[in-house]
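Q: Quick one: the structure is below, and I'll ask about it shortly.
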Amino acid sequence: MNASPSKRTKWAGTALALACTFGVLVTAATAAAPLTKGLTAFVIPKNLGNSYFTTADSAKSGGAIAAFQALGETATETSGTAATPASQIPAIQAAITKGAKILVVSATDPSALCPTLNSAMQKGITVVTYDSDAPACRDLFINQASTQGIGESEVDLLAKEIGSSGQIAIVSATASATNQNAWIAYMKTELKKYPKMQLVKIVYGNDDPTTATQVTQGLLQQYPNLKGIISPTTVGIAAAAAVLDTAKYRGKIQLTGLGTPDAMKKYVNDGTVKAFELWNPANLGYLAAYASVELASKAITNATGQSFTAGKLGKFTLGAKHTILLGAPYVFNKSNISKFNF
Ligand code: RAM
């Protein structure tokens, strides 16, 4: 039943009086600060032409640009063609020249980008790293999953597949990549639990399919007794899987790492690869975009404990060292890989 007009007026008056008395409380409980529209944002992956980043960044996949567009911003993906600072820095500089208000960057190097990113922040540009960090020169880092968790789980997956024994190698991305190096550091620690597993070499495929193929072939020649490979890069694991996908190696040398389900389906289904991991790249980009707009709008600061709702992904709270964690990685194998399309 509706309240009579007089009752309604009375209730409205009481509510107003309460709101005045507890003004601060009422505001904090109900109103998220409005987000600024019309910001110019640039999404700058390590390099262009890597499908992992296309998924993380594009509007079509629901990545960073989808979030920017939903929030009323203008966003463009740009980078160089190689996953190196020399290739990425000019793209960052060009974005600044074009009037960027937000830069979302996957860092090709923890320090080489700093002069450029620091000068951007001095100009008032919001700098958010995602996927791969540059800790000394950004406002916030969006981490896909626990760094320690990734390093440990990769080693544990391989250990299971090779009976915790034998020579293993790592096919990484570039030698300066912040994310791969951080994961590898935890892999080395985790390997101490497996005294019969010996890490014989780390090679770098530079997130370039041709180079990753060549360095994997080189490993197989140099270490004929190799039992397993970890490749914590979507480009590296796909190239290594293609090299191992022959009768000579299939089932004899185990391969795990971080891959996209689309690129790995063939190798999981034919038995070359038993299991590998990844997070949802589109969600990573979406969260990074959302967080950057929250920061640029001054709706949040980058202090620990600040929180916000990132659209469809729900609520996130800033952790230590100005970092937000997206979640935990999925493990893909023959029983579930067909359900994923990215
Ligand atoms: C490659 C890139 C990226 C990394 C993924 C797992 O696409 O190196 O930085 O996060 O692999």
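The way I read the labels, and the way they are meant: chains A, B, ... in the order of the structure tokens, residue 1 as the first residue of every chain, and ligand 1 as the first ligand shown, with later ones counted on from there.
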Can you tell me which residues surround Ile96 (chain A) at a distance of at most 10 Å, considering only C-alpha atoms, apart from same-chain residues fewer than 3 positions away, and format the answer as number ranges by chain?
A: A: 41-42, 90-93, 99-103, 116-117, 119-120, 123, 125
Q: Export, as an mmCIF file, in the first residue's frame, the selected residues with N, CA and C atoms.
A:
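Saved result, selection_37.cif, follows:
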```
data_model
loop_
_atom_site.group_PDB
_atom_site.id
_atom_site.type_symbol
_atom_site.label_atom_id
_atom_site.label_comp_id
_atom_site.auth_asym_id
_atom_site.auth_seq_id
_atom_site.Cartn_x
_atom_site.Cartn_y
_atom_site.Cartn_z
ATOM 1 N N ALA A 41 42.948 7.594 -23.942
ATOM 2 C CA ALA A 41 43.751 6.506 -23.370
ATOM 3 C C ALA A 41 44.491 5.751 -24.463
ATOM 4 N N PHE A 42 45.681 5.285 -24.128
ATOM 5 C CA PHE A 42 46.431 4.411 -25.041
ATOM 6 C C PHE A 42 46.768 3.118 -24.308
ATOM 7 N N PRO A 90 59.227 4.378 -28.462
ATOM 8 C CA PRO A 90 58.696 5.393 -29.394
ATOM 9 C C PRO A 90 57.168 5.422 -29.432
ATOM 10 N N ALA A 91 56.524 4.267 -29.247
ATOM 11 C CA ALA A 91 55.050 4.234 -29.244
ATOM 12 C C ALA A 91 54.509 4.947 -27.998
ATOM 13 N N ILE A 92 55.192 4.787 -26.878
ATOM 14 C CA ILE A 92 54.757 5.481 -25.646
ATOM 15 C C ILE A 92 54.931 6.993 -25.840
ATOM 16 N N GLN A 93 56.086 7.366 -26.402
ATOM 17 C CA GLN A 93 56.337 8.802 -26.616
ATOM 18 C C GLN A 93 55.309 9.415 -27.560
ATOM 19 N N GLY A 99 48.529 13.561 -26.722
ATOM 20 C CA GLY A 99 47.628 14.069 -25.678
ATOM 21 C C GLY A 99 47.037 13.010 -24.765
ATOM 22 N N ALA A 100 47.766 11.910 -24.573
ATOM 23 C CA ALA A 100 47.261 10.862 -23.671
ATOM 24 C C ALA A 100 46.987 11.404 -22.278
ATOM 25 N N LYS A 101 45.885 10.956 -21.708
ATOM 26 C CA LYS A 101 45.602 11.221 -20.291
ATOM 27 C C LYS A 101 45.832 9.950 -19.473
ATOM 28 N N ILE A 102 45.802 8.802 -20.183
ATOM 29 C CA ILE A 102 45.998 7.501 -19.537
ATOM 30 C C ILE A 102 46.901 6.644 -20.425
ATOM 31 N N LEU A 103 47.910 5.998 -19.796
ATOM 32 C CA LEU A 103 48.707 4.992 -20.498
ATOM 33 C C LEU A 103 48.554 3.669 -19.751
ATOM 34 N N THR A 116 60.700 7.722 -19.764
ATOM 35 C CA THR A 116 59.500 8.093 -20.524
ATOM 36 C C THR A 116 58.256 8.071 -19.634
ATOM 37 N N LEU A 117 58.093 7.007 -18.849
ATOM 38 C CA LEU A 117 56.888 6.902 -18.015
ATOM 39 C C LEU A 117 56.900 7.928 -16.885
ATOM 40 N N SER A 119 58.275 10.898 -17.030
ATOM 41 C CA SER A 119 57.947 12.226 -17.572
ATOM 42 C C SER A 119 56.449 12.302 -17.871
ATOM 43 N N ALA A 120 55.839 11.175 -18.252
ATOM 44 C CA ALA A 120 54.381 11.154 -18.450
ATOM 45 C C ALA A 120 53.669 11.459 -17.136
ATOM 46 N N LYS A 123 53.635 14.961 -16.129
ATOM 47 C CA LYS A 123 52.663 15.775 -16.894
ATOM 48 C C LYS A 123 51.232 15.518 -16.419
ATOM 49 N N ILE A 125 49.763 12.514 -16.438
ATOM 50 C CA ILE A 125 49.172 11.349 -17.116
ATOM 51 C C ILE A 125 49.139 10.173 -16.138
#
```
Q: Which residues are near ligand 1 - at most 8 Å, using only C-alpha atoms and all ligand atoms? Format: as a ChimeraX atom specification.
A: /A:46,50-53,106,131-132,173-174,177,179-180,207,232-236,258-259,278
Q: Counting only C-alpha atoms, what is within 6 Å of region 291-308 of chain A, bar same-chain residues fewer than 3 positions away, as a CSV table (one decimal) with C-alpha atoms, in the first residue's frame?
A:
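Heads up, here's the output in around05.csv:
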```
chain,number,residue,atom,x,y,z
A,33,ALA,CA,32.6,9.4,-7.2
A,35,LEU,CA,34.2,8.9,-13.5
A,36,THR,CA,35.5,11.5,-16.0
A,126,THR,CA,47.9,8.3,-15.3
A,288,ALA,CA,43.4,-2.4,-16.1
A,315,LYS,CA,34.9,-5.3,-6.6
A,316,PHE,CA,38.6,-5.0,-6.4
A,317,THR,CA,40.8,-3.7,-3.5
A,318,LEU,CA,44.3,-2.4,-3.9
A,319,GLY,CA,46.9,-4.5,-2.2
A,320,ALA,CA,50.5,-3.7,-1.1
A,322,HIS,CA,50.1,-0.3,-5.5
```
Q: If you take only C-alpha atoms and a cut-off of 7 Å, which residues of region 278-317 of chain A touch region 67-79 of chain A, and what are their nearest atom pairs and distances in Å to one decimal, in chain and number order, as a Markdown table?
A:
```
| residue | atom | partner | partner_atom | distance |
| --- | --- | --- | --- | --- |
| A:Tyr286 | CA | A:Ala67 | CA | 5.3 |
| A:Ala289 | CA | A:Phe68 | CA | 6.0 |
| A:Tyr290 | CA | A:Ala67 | CA | 6.3 |
```
Q: Could you save the residues just selected, with N, CA and C atoms, as a PDB file, in the first residue's frame?
A:
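This is the output file out09.pdb:
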```
ATOM      1  N   TYR A 286      40.525  -5.453 -19.281  1.00  0.00           N
ATOM      2  CA  TYR A 286      39.308  -4.753 -18.828  1.00  0.00           C
ATOM      3  C   TYR A 286      39.540  -4.138 -17.451  1.00  0.00           C
ATOM      4  N   ALA A 289      41.960  -1.143 -17.598  1.00  0.00           N
ATOM      5  CA  ALA A 289      41.308   0.059 -18.121  1.00  0.00           C
ATOM      6  C   ALA A 289      40.430   0.695 -17.051  1.00  0.00           C
ATOM      7  N   TYR A 290      39.638  -0.123 -16.393  1.00  0.00           N
ATOM      8  CA  TYR A 290      38.745   0.383 -15.349  1.00  0.00           C
ATOM      9  C   TYR A 290      39.521   1.090 -14.244  1.00  0.00           C
TER      10      TYR A 290
END
```
Q: What does the structure give for the distance between CA of Lys312 (chain A) and CA of Pro281 (chain A), in Å to one decimal?
A: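 CA of Lys312 (chain A) sits 14.8 Å away from CA of Pro281 (chain A).
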Q: At most 8 Å is the cut-off: for each residue in region 227-317 of chain A with any atom that close to an atom of region 323-341 of chain A, write down the nearest atom pair and the distance in Å rounded to one decimal, counting only C-alpha atoms, chain first then increasing number, as a Markdown table.
A:
```
| residue | atom | partner | partner_atom | distance |
| --- | --- | --- | --- | --- |
| A:Pro261 | CA | A:Phe340 | CA | 6.2 |
| A:Asp262 | CA | A:Asn341 | CA | 5.8 |
| A:Lys265 | CA | A:Ile337 | CA | 6.5 |
| A:Val268 | CA | A:Lys334 | CA | 5.9 |
| A:Asn269 | CA | A:Lys334 | CA | 6.1 |
| A:Lys274 | CA | A:Asn333 | CA | 5.9 |
| A:Ala275 | CA | A:Asn333 | CA | 4.6 |
| A:Phe276 | CA | A:Phe332 | CA | 5.5 |
| A:Glu277 | CA | A:Val331 | CA | 4.5 |
| A:Leu278 | CA | A:Pro329 | CA | 5.1 |
| A:Trp279 | CA | A:Pro329 | CA | 4.5 |
| A:Asn280 | CA | A:Pro329 | CA | 7.9 |
| A:Asn283 | CA | A:Leu326 | CA | 7.9 |
| A:Leu284 | CA | A:Leu326 | CA | 6.6 |
| A:Leu287 | CA | A:Leu326 | CA | 7.6 |
| A:Phe316 | CA | A:Ile324 | CA | 7.2 |
| A:Thr317 | CA | A:Ile324 | CA | 6.7 |
```
Q: Dump C-alpha atoms for the selected residues as a compact mmCIF listing (two decimals), in the first residue's frame?
A:
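Written out: part03.txt:
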```
# COMPACT_ATOMS: atom_id res chain seq x y z
CA PRO A 261 43.71 -22.31 -25.30
CA ASP A 262 43.14 -21.45 -28.98
CA LYS A 265 44.16 -27.00 -28.54
CA VAL A 268 46.69 -30.89 -26.15
CA ASN A 269 44.36 -32.98 -28.28
CA LYS A 274 49.23 -32.52 -21.15
CA ALA A 275 48.49 -29.31 -19.23
CA PHE A 276 49.31 -25.62 -19.17
CA GLU A 277 47.99 -22.48 -17.52
CA LEU A 278 46.69 -18.98 -18.19
CA TRP A 279 44.31 -16.37 -16.84
CA ASN A 280 41.63 -14.59 -18.87
CA ASN A 283 39.56 -9.61 -18.07
CA LEU A 284 43.10 -8.44 -17.35
CA LEU A 287 40.38 -4.43 -15.19
CA PHE A 316 38.65 -5.02 -6.38
CA THR A 317 40.81 -3.70 -3.54
```
Q: Please report the interatomic distance between CA of Gly257 (chain A) and CA of Ala239 (chain A) in Å with one decimal.
A: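 Going from CA of Gly257 (chain A) over to CA of Ala239 (chain A) covers 11.8 Å.
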Q: Identify all residues of region 164-318 of chain A in strand (DSSP E) (DSSP on the backbone) and supply them as a PyMOL selection string.
A: chain A and resi 166-172+197-204+226-231+254-257+275-278+307-309+315-317
Q: Would you mind reading off the distance between CA of Pro224 (chain A) and CA of Leu255 (chain A), one decimal, in Å?
A: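 About the pair CA of Pro224 (chain A) and CA of Leu255 (chain A): they are 15.2 Å apart.
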Q: Do you know which residues are at most 9 Å from Tyr130 (chain A) counting only C-alpha atoms, after dropping those on the same chain fewer than 6 positions away, and could you put them as a ChimeraX atom specification?
A: /A:45,104-107,140-144,284-285,288
Q: Please run DSSP on the backbone and report, as a PyMOL selection string, all residues within region 97-253 of chain A that come out as helix (DSSP H, G or I).
A: chain A and resi 97+114-122+147-161+178-191+209-222+234-244
Q: Of the candidates A:Ile168, A:Ala159, A:Leu48, A:Ala95, which one gets nearest to Lys227 (chain A) if we count only C-alpha atoms?
A: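 So, comparing all the options, the nearest one is A:Ile168.
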Q: Leaving out Ile170 (chain A) and any residue of its chain fewer than 2 positions from it, which residues lie within 12 Å of it when counting only C-alpha atoms, given as number ranges by chain?
A: A: 151, 154-155, 158, 167-168, 172-175, 180-181, 183-185, 187-188, 198-205, 212, 215-216, 219-220, 226-233, 236-237, 240, 254-258
Q: Print the selection's residues with N, CA and C atoms to a file, as a CSV table (one decimal), in the first residue's frame.
A:
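Produced file result.csv, reproduced below:
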```csv
chain,number,residue,atom,x,y,z
A,151,GLY,N,55.0,-19.2,-10.7
A,151,GLY,CA,56.3,-19.9,-10.7
A,151,GLY,C,56.2,-21.3,-10.1
A,154,GLU,N,53.9,-23.9,-12.2
A,154,GLU,CA,54.5,-24.3,-13.5
A,154,GLU,C,55.5,-25.5,-13.2
A,155,VAL,N,56.3,-25.3,-12.2
A,155,VAL,CA,57.3,-26.4,-11.8
A,155,VAL,C,56.6,-27.6,-11.4
A,158,LEU,N,55.1,-29.6,-14.3
A,158,LEU,CA,56.1,-30.4,-15.0
A,158,LEU,C,56.6,-31.5,-14.2
A,167,GLN,N,66.5,-33.7,-16.7
A,167,GLN,CA,66.9,-32.3,-17.2
A,167,GLN,C,65.7,-31.6,-17.7
A,168,ILE,N,65.7,-30.3,-17.3
A,168,ILE,CA,64.6,-29.5,-17.8
A,168,ILE,C,65.2,-28.1,-18.3
A,172,SER,N,61.9,-18.9,-22.5
A,172,SER,CA,61.2,-17.6,-22.0
A,172,SER,C,60.9,-16.7,-23.1
A,173,ALA,N,60.5,-15.5,-22.8
A,173,ALA,CA,60.2,-14.5,-23.8
A,173,ALA,C,61.5,-13.7,-24.0
A,174,THR,N,61.5,-12.4,-23.6
A,174,THR,CA,62.8,-11.6,-23.8
A,174,THR,C,63.5,-11.7,-22.4
A,175,ALA,N,64.8,-11.5,-22.5
A,175,ALA,CA,65.7,-11.6,-21.3
A,175,ALA,C,65.4,-10.4,-20.3
A,180,GLN,N,58.2,-12.5,-17.0
A,180,GLN,CA,58.8,-13.8,-17.1
A,180,GLN,C,60.0,-13.9,-16.1
A,181,ASN,N,60.8,-12.9,-15.9
A,181,ASN,CA,61.9,-13.0,-15.0
A,181,ASN,C,61.4,-13.2,-13.5
A,183,TRP,N,58.6,-14.7,-12.6
A,183,TRP,CA,58.1,-16.1,-12.5
A,183,TRP,C,59.3,-17.1,-12.5
A,184,ILE,N,60.3,-16.8,-13.3
A,184,ILE,CA,61.4,-17.8,-13.3
A,184,ILE,C,62.1,-17.8,-12.0
A,185,ALA,N,62.2,-16.6,-11.3
A,185,ALA,CA,62.9,-16.6,-10.0
A,185,ALA,C,62.1,-17.5,-9.0
A,187,MET,N,60.3,-20.1,-10.0
A,187,MET,CA,60.5,-21.5,-10.5
A,187,MET,C,61.8,-22.1,-9.9
A,188,LYS,N,62.8,-21.2,-9.9
A,188,LYS,CA,64.1,-21.7,-9.3
A,188,LYS,C,64.0,-22.1,-7.9
A,198,GLN,N,66.8,-31.0,-12.9
A,198,GLN,CA,68.0,-30.1,-13.1
A,198,GLN,C,67.7,-29.1,-14.2
A,199,LEU,N,67.6,-27.9,-13.8
A,199,LEU,CA,67.4,-26.8,-14.9
A,199,LEU,C,68.7,-26.6,-15.6
A,200,VAL,N,68.8,-27.0,-16.9
A,200,VAL,CA,70.1,-27.0,-17.6
A,200,VAL,C,70.2,-25.7,-18.4
A,201,LYS,N,69.1,-25.0,-18.8
A,201,LYS,CA,69.3,-23.8,-19.6
A,201,LYS,C,68.0,-23.0,-19.7
A,202,ILE,N,68.2,-21.7,-19.8
A,202,ILE,CA,67.1,-20.8,-20.1
A,202,ILE,C,67.4,-20.2,-21.4
A,203,VAL,N,66.5,-20.3,-22.4
A,203,VAL,CA,66.7,-19.7,-23.7
A,203,VAL,C,65.6,-18.6,-23.9
A,204,TYR,N,65.8,-17.7,-24.8
A,204,TYR,CA,64.9,-16.6,-25.0
A,204,TYR,C,64.3,-16.6,-26.4
A,205,GLY,N,63.1,-16.7,-26.6
A,205,GLY,CA,62.4,-16.7,-27.9
A,205,GLY,C,61.9,-15.3,-28.2
A,212,ALA,N,61.6,-18.2,-31.2
A,212,ALA,CA,61.2,-19.2,-30.2
A,212,ALA,C,61.3,-20.7,-30.8
A,215,VAL,N,65.2,-21.4,-30.9
A,215,VAL,CA,65.9,-21.6,-29.7
A,215,VAL,C,65.4,-23.0,-29.1
A,216,THR,N,64.2,-23.4,-29.4
A,216,THR,CA,63.7,-24.7,-28.9
A,216,THR,C,64.5,-25.8,-29.6
A,219,LEU,N,67.9,-26.2,-28.2
A,219,LEU,CA,67.9,-26.9,-26.9
A,219,LEU,C,67.9,-28.4,-27.1
A,220,LEU,N,67.0,-28.8,-28.0
A,220,LEU,CA,66.9,-30.3,-28.2
A,220,LEU,C,68.2,-30.9,-28.8
A,226,LEU,N,67.1,-34.2,-22.5
A,226,LEU,CA,66.1,-33.3,-22.0
A,226,LEU,C,64.7,-34.0,-21.7
A,227,LYS,N,64.2,-33.8,-20.5
A,227,LYS,CA,62.9,-34.5,-20.2
A,227,LYS,C,61.7,-33.5,-20.2
A,228,GLY,N,62.0,-32.2,-20.0
A,228,GLY,CA,60.8,-31.3,-20.0
A,228,GLY,C,61.2,-29.8,-20.2
A,229,ILE,N,60.2,-29.1,-20.7
A,229,ILE,CA,60.4,-27.7,-21.0
A,229,ILE,C,59.2,-26.9,-20.3
A,230,ILE,N,59.6,-25.8,-19.7
A,230,ILE,CA,58.5,-24.8,-19.2
A,230,ILE,C,58.7,-23.6,-20.1
A,231,SER,N,57.6,-23.2,-20.7
A,231,SER,CA,57.6,-21.9,-21.5
A,231,SER,C,56.5,-21.0,-21.0
A,232,PRO,N,57.0,-20.0,-20.1
A,232,PRO,CA,56.0,-19.1,-19.5
A,232,PRO,C,55.6,-17.9,-20.4
A,233,THR,N,55.4,-18.2,-21.7
A,233,THR,CA,55.0,-17.2,-22.6
A,233,THR,C,54.1,-17.8,-23.7
A,236,GLY,N,56.0,-18.5,-26.9
A,236,GLY,CA,57.1,-19.5,-26.7
A,236,GLY,C,56.5,-20.9,-26.6
A,237,ILE,N,55.4,-21.1,-25.8
A,237,ILE,CA,54.9,-22.4,-25.7
A,237,ILE,C,54.2,-22.9,-27.0
A,240,ALA,N,57.2,-23.9,-29.2
A,240,ALA,CA,57.9,-25.2,-28.6
A,240,ALA,C,57.0,-26.4,-28.9
A,254,GLN,N,58.2,-33.5,-22.1
A,254,GLN,CA,57.0,-32.9,-21.7
A,254,GLN,C,57.1,-31.4,-21.7
A,255,LEU,N,56.0,-30.7,-22.1
A,255,LEU,CA,56.0,-29.2,-22.2
A,255,LEU,C,54.8,-28.7,-21.4
A,256,THR,N,55.1,-27.7,-20.6
A,256,THR,CA,54.0,-26.9,-20.0
A,256,THR,C,54.4,-25.4,-20.0
A,257,GLY,N,53.6,-24.6,-19.4
A,257,GLY,CA,53.8,-23.2,-19.4
A,257,GLY,C,52.6,-22.4,-19.4
A,258,LEU,N,52.6,-21.2,-20.0
A,258,LEU,CA,51.5,-20.3,-20.1
A,258,LEU,C,51.1,-20.1,-21.6
```
Q: Show which residues sit within 8 Å of Pro110 (chain A), as a compact mmCIF listing (two decimals) with C-alpha atoms, in the first residue's frame. Count only C-alpha atoms, and ignore same-chain residues fewer than 6 positions away.
A:
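Dumped to part.txt:
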```
# COMPACT_ATOMS: atom_id res chain seq x y z
CA ASP A 133 55.39 -4.32 -14.45
CA ALA A 134 57.77 -1.36 -14.27
CA PRO A 135 57.53 -0.95 -10.47
CA ALA A 136 59.57 2.25 -10.21
CA SER A 176 64.43 -8.21 -19.90
CA ALA A 177 60.71 -9.07 -19.49
CA THR A 178 59.70 -8.21 -15.91
```
Q: Using only C-alpha atoms, pick whichever of A:Leu113, A:Met197, A:Ala282, A:Leu313 has the shortest atom-to-atom distance to Ser61 (chain A).
A: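 Going through A:Leu113, A:Met197, A:Ala282, A:Leu313 one by one, the smallest distance to Ser61 (chain A) is for A:Ala282.
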